[in-house]
Structures are given as C-alpha cells and as structure tokens.
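**Student:** Take a look at the following structure, please.
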Amino acid sequence: MFAGRLVSLLGSAMTPVALSLSVLNASNSARDMGAVLTANTVPPIAFTLAGGVVGDRFSRRLVLLVSHLGAAVTQAAVAFLLLSGNYDLGSLILLEALNGTTAAFTNPALRGIVPDLVPAFRSASGPCSAR
C-alpha cells in the first residue's frame, strides 16, 4: 500500500507542472494552460460527494482499481497528444476533465480503505484504555 501510494502521489504531484509546461510549449498560450488546468481542478469539487457514495456502496478496492486505471489511461492519452505534436485544446480539456473525475472517486475510497487495511488495536484492558 505504501509503495503504491508513494508512486501515485509522486506522479500526481508532478502532473500539473509537466502539463503546464507542455501546454505552454505546444500552444504558447497562458489561456490554454489555464483552461486545461481548470478542467482538471473542477471535477473533483463537483463529484467528490458522488465518489464518496460510490466508495461506500461498492468495493473500495474495485473503485480504486477502476479510478487509477482511468487516471492512467487519460494521462497516457494526454502524453501521447502532447508528445506526438497533435496538440488539440478541446481534447486536452476533455481528457483532463475525465482525469479530474477519477480523482473525485479515488480520494474518498482511499480514505475509507485505510481502516480496512490496518488491524484494530486491542490491549489487555480494552480497546480504549489509556496508560
């Protein structure tokens, strides 16, 4: 869990920087860069509540697998568009909106899966005893 989460966080932390520089390089437009970054930022705000409901109703493991797979596919498509020289603002906005939507489902499921992974603490005098 630790290794997977570390890789995911490192990739997620680098993505906005790499995306900004790539869009600026491809379009030479700060407006395009802002549109692409906004497309990635708005969906988590709009869909996190729905992501929490899905994470509670379905297997959190399955939700995480599907959302991480979706994030990988959308980011690979963005990388392909930018590296191949086929810059298209509309496609980038759509892909980043889909990527942001995956984050709206990932984060609540991650918060909920931690108690499932960590065994409950039990002491000799009860679960809440203070020493």
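Letters for chains follow the order of the structure tokens (A, B, ...), residue numbers begin at 1 for each chain, and ligand numbers begin at 1 in the order shown.
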As a compact mmCIF listing (two decimals) with all heavy atoms, in the first residue's frame, please: the residues near Leu37 (chain A) (cut-off 9 Å, only C-alpha atoms, same-chain neighbours under 4 positions excluded).
**Tutor:**
# COMPACT_ATOMS: atom_id res chain seq x y z
N PRO A 16 0.71 18.50 -12.71
CA PRO A 16 0.37 19.88 -13.06
C PRO A 16 1.55 20.67 -13.62
O PRO A 16 1.38 21.47 -14.55
CB PRO A 16 -0.13 20.49 -11.75
CG PRO A 16 -0.50 19.35 -10.90
CD PRO A 16 0.37 18.21 -11.31
N LEU A 19 2.28 19.23 -17.14
CA LEU A 19 1.18 19.60 -18.03
C LEU A 19 1.25 21.07 -18.39
O LEU A 19 1.08 21.45 -19.55
CB LEU A 19 -0.15 19.25 -17.36
CG LEU A 19 -1.40 19.40 -18.19
CD1 LEU A 19 -1.34 18.49 -19.42
CD2 LEU A 19 -2.63 19.07 -17.35
N SER A 20 1.49 21.92 -17.40
CA SER A 20 1.59 23.36 -17.66
C SER A 20 2.69 23.67 -18.65
O SER A 20 2.48 24.41 -19.62
CB SER A 20 1.87 24.12 -16.35
OG SER A 20 0.83 23.95 -15.45
N ASP A 32 -4.77 28.84 -22.71
CA ASP A 32 -4.92 27.39 -22.93
C ASP A 32 -4.48 26.62 -21.69
O ASP A 32 -5.14 25.68 -21.26
CB ASP A 32 -4.12 26.92 -24.13
CG ASP A 32 -4.74 27.33 -25.46
OD1 ASP A 32 -5.74 28.08 -25.46
OD2 ASP A 32 -4.21 26.89 -26.50
N MET A 33 -3.35 27.03 -21.13
CA MET A 33 -2.85 26.35 -19.94
C MET A 33 -3.85 26.45 -18.80
O MET A 33 -4.16 25.46 -18.12
CB MET A 33 -1.51 26.94 -19.49
CG MET A 33 -0.95 26.26 -18.26
SD MET A 33 0.47 27.11 -17.56
CE MET A 33 -0.27 28.60 -16.94
N THR A 41 -9.23 20.61 -12.34
CA THR A 41 -9.49 21.01 -10.96
C THR A 41 -10.98 21.01 -10.59
O THR A 41 -11.34 20.69 -9.47
CB THR A 41 -8.91 22.43 -10.72
OG1 THR A 41 -7.53 22.40 -11.05
CG2 THR A 41 -9.09 22.87 -9.29
N VAL A 42 -11.84 21.34 -11.53
CA VAL A 42 -13.27 21.48 -11.23
C VAL A 42 -13.97 20.14 -10.94
O VAL A 42 -14.76 20.04 -9.99
CB VAL A 42 -13.98 22.27 -12.35
CG1 VAL A 42 -15.49 22.23 -12.19
CG2 VAL A 42 -13.49 23.71 -12.36
N ILE A 93 -8.72 19.34 -22.78
CA ILE A 93 -9.69 19.72 -21.76
C ILE A 93 -10.56 18.53 -21.40
O ILE A 93 -10.80 18.25 -20.21
CB ILE A 93 -10.53 20.92 -22.24
CG1 ILE A 93 -9.67 22.19 -22.21
CG2 ILE A 93 -11.79 21.09 -21.39
CD1 ILE A 93 -10.34 23.41 -22.80
N GLU A 96 -8.44 15.94 -19.41
CA GLU A 96 -8.14 16.41 -18.05
C GLU A 96 -9.40 16.46 -17.18
O GLU A 96 -9.34 16.24 -15.97
CB GLU A 96 -7.42 17.75 -18.08
CG GLU A 96 -5.98 17.63 -18.49
CD GLU A 96 -5.18 16.68 -17.60
OE1 GLU A 96 -5.26 16.79 -16.37
OE2 GLU A 96 -4.47 15.83 -18.16
N ALA A 97 -10.54 16.74 -17.77
CA ALA A 97 -11.80 16.69 -17.02
C ALA A 97 -12.09 15.25 -16.58
O ALA A 97 -12.51 15.01 -15.43
CB ALA A 97 -12.95 17.25 -17.85
**Student:** Contacts of Leu117 (chain A) at 12 Å or less, counting only C-alpha atoms, minus same-chain residues fewer than 6 places along, as an NGL selection string?
**Tutor:** :A and (1-2 or 60-61 or 110-111)
**Student:** Using only C-alpha atoms, which protein or nucleic acid residues come within 6 Å of region 62-72 of chain A? Drop anything in the same chain fewer than 6 positions from it, and give the result as a list in words.
**Tutor:**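 Everything that qualifies: Asn99, Thr102 and Thr106 of chain A.
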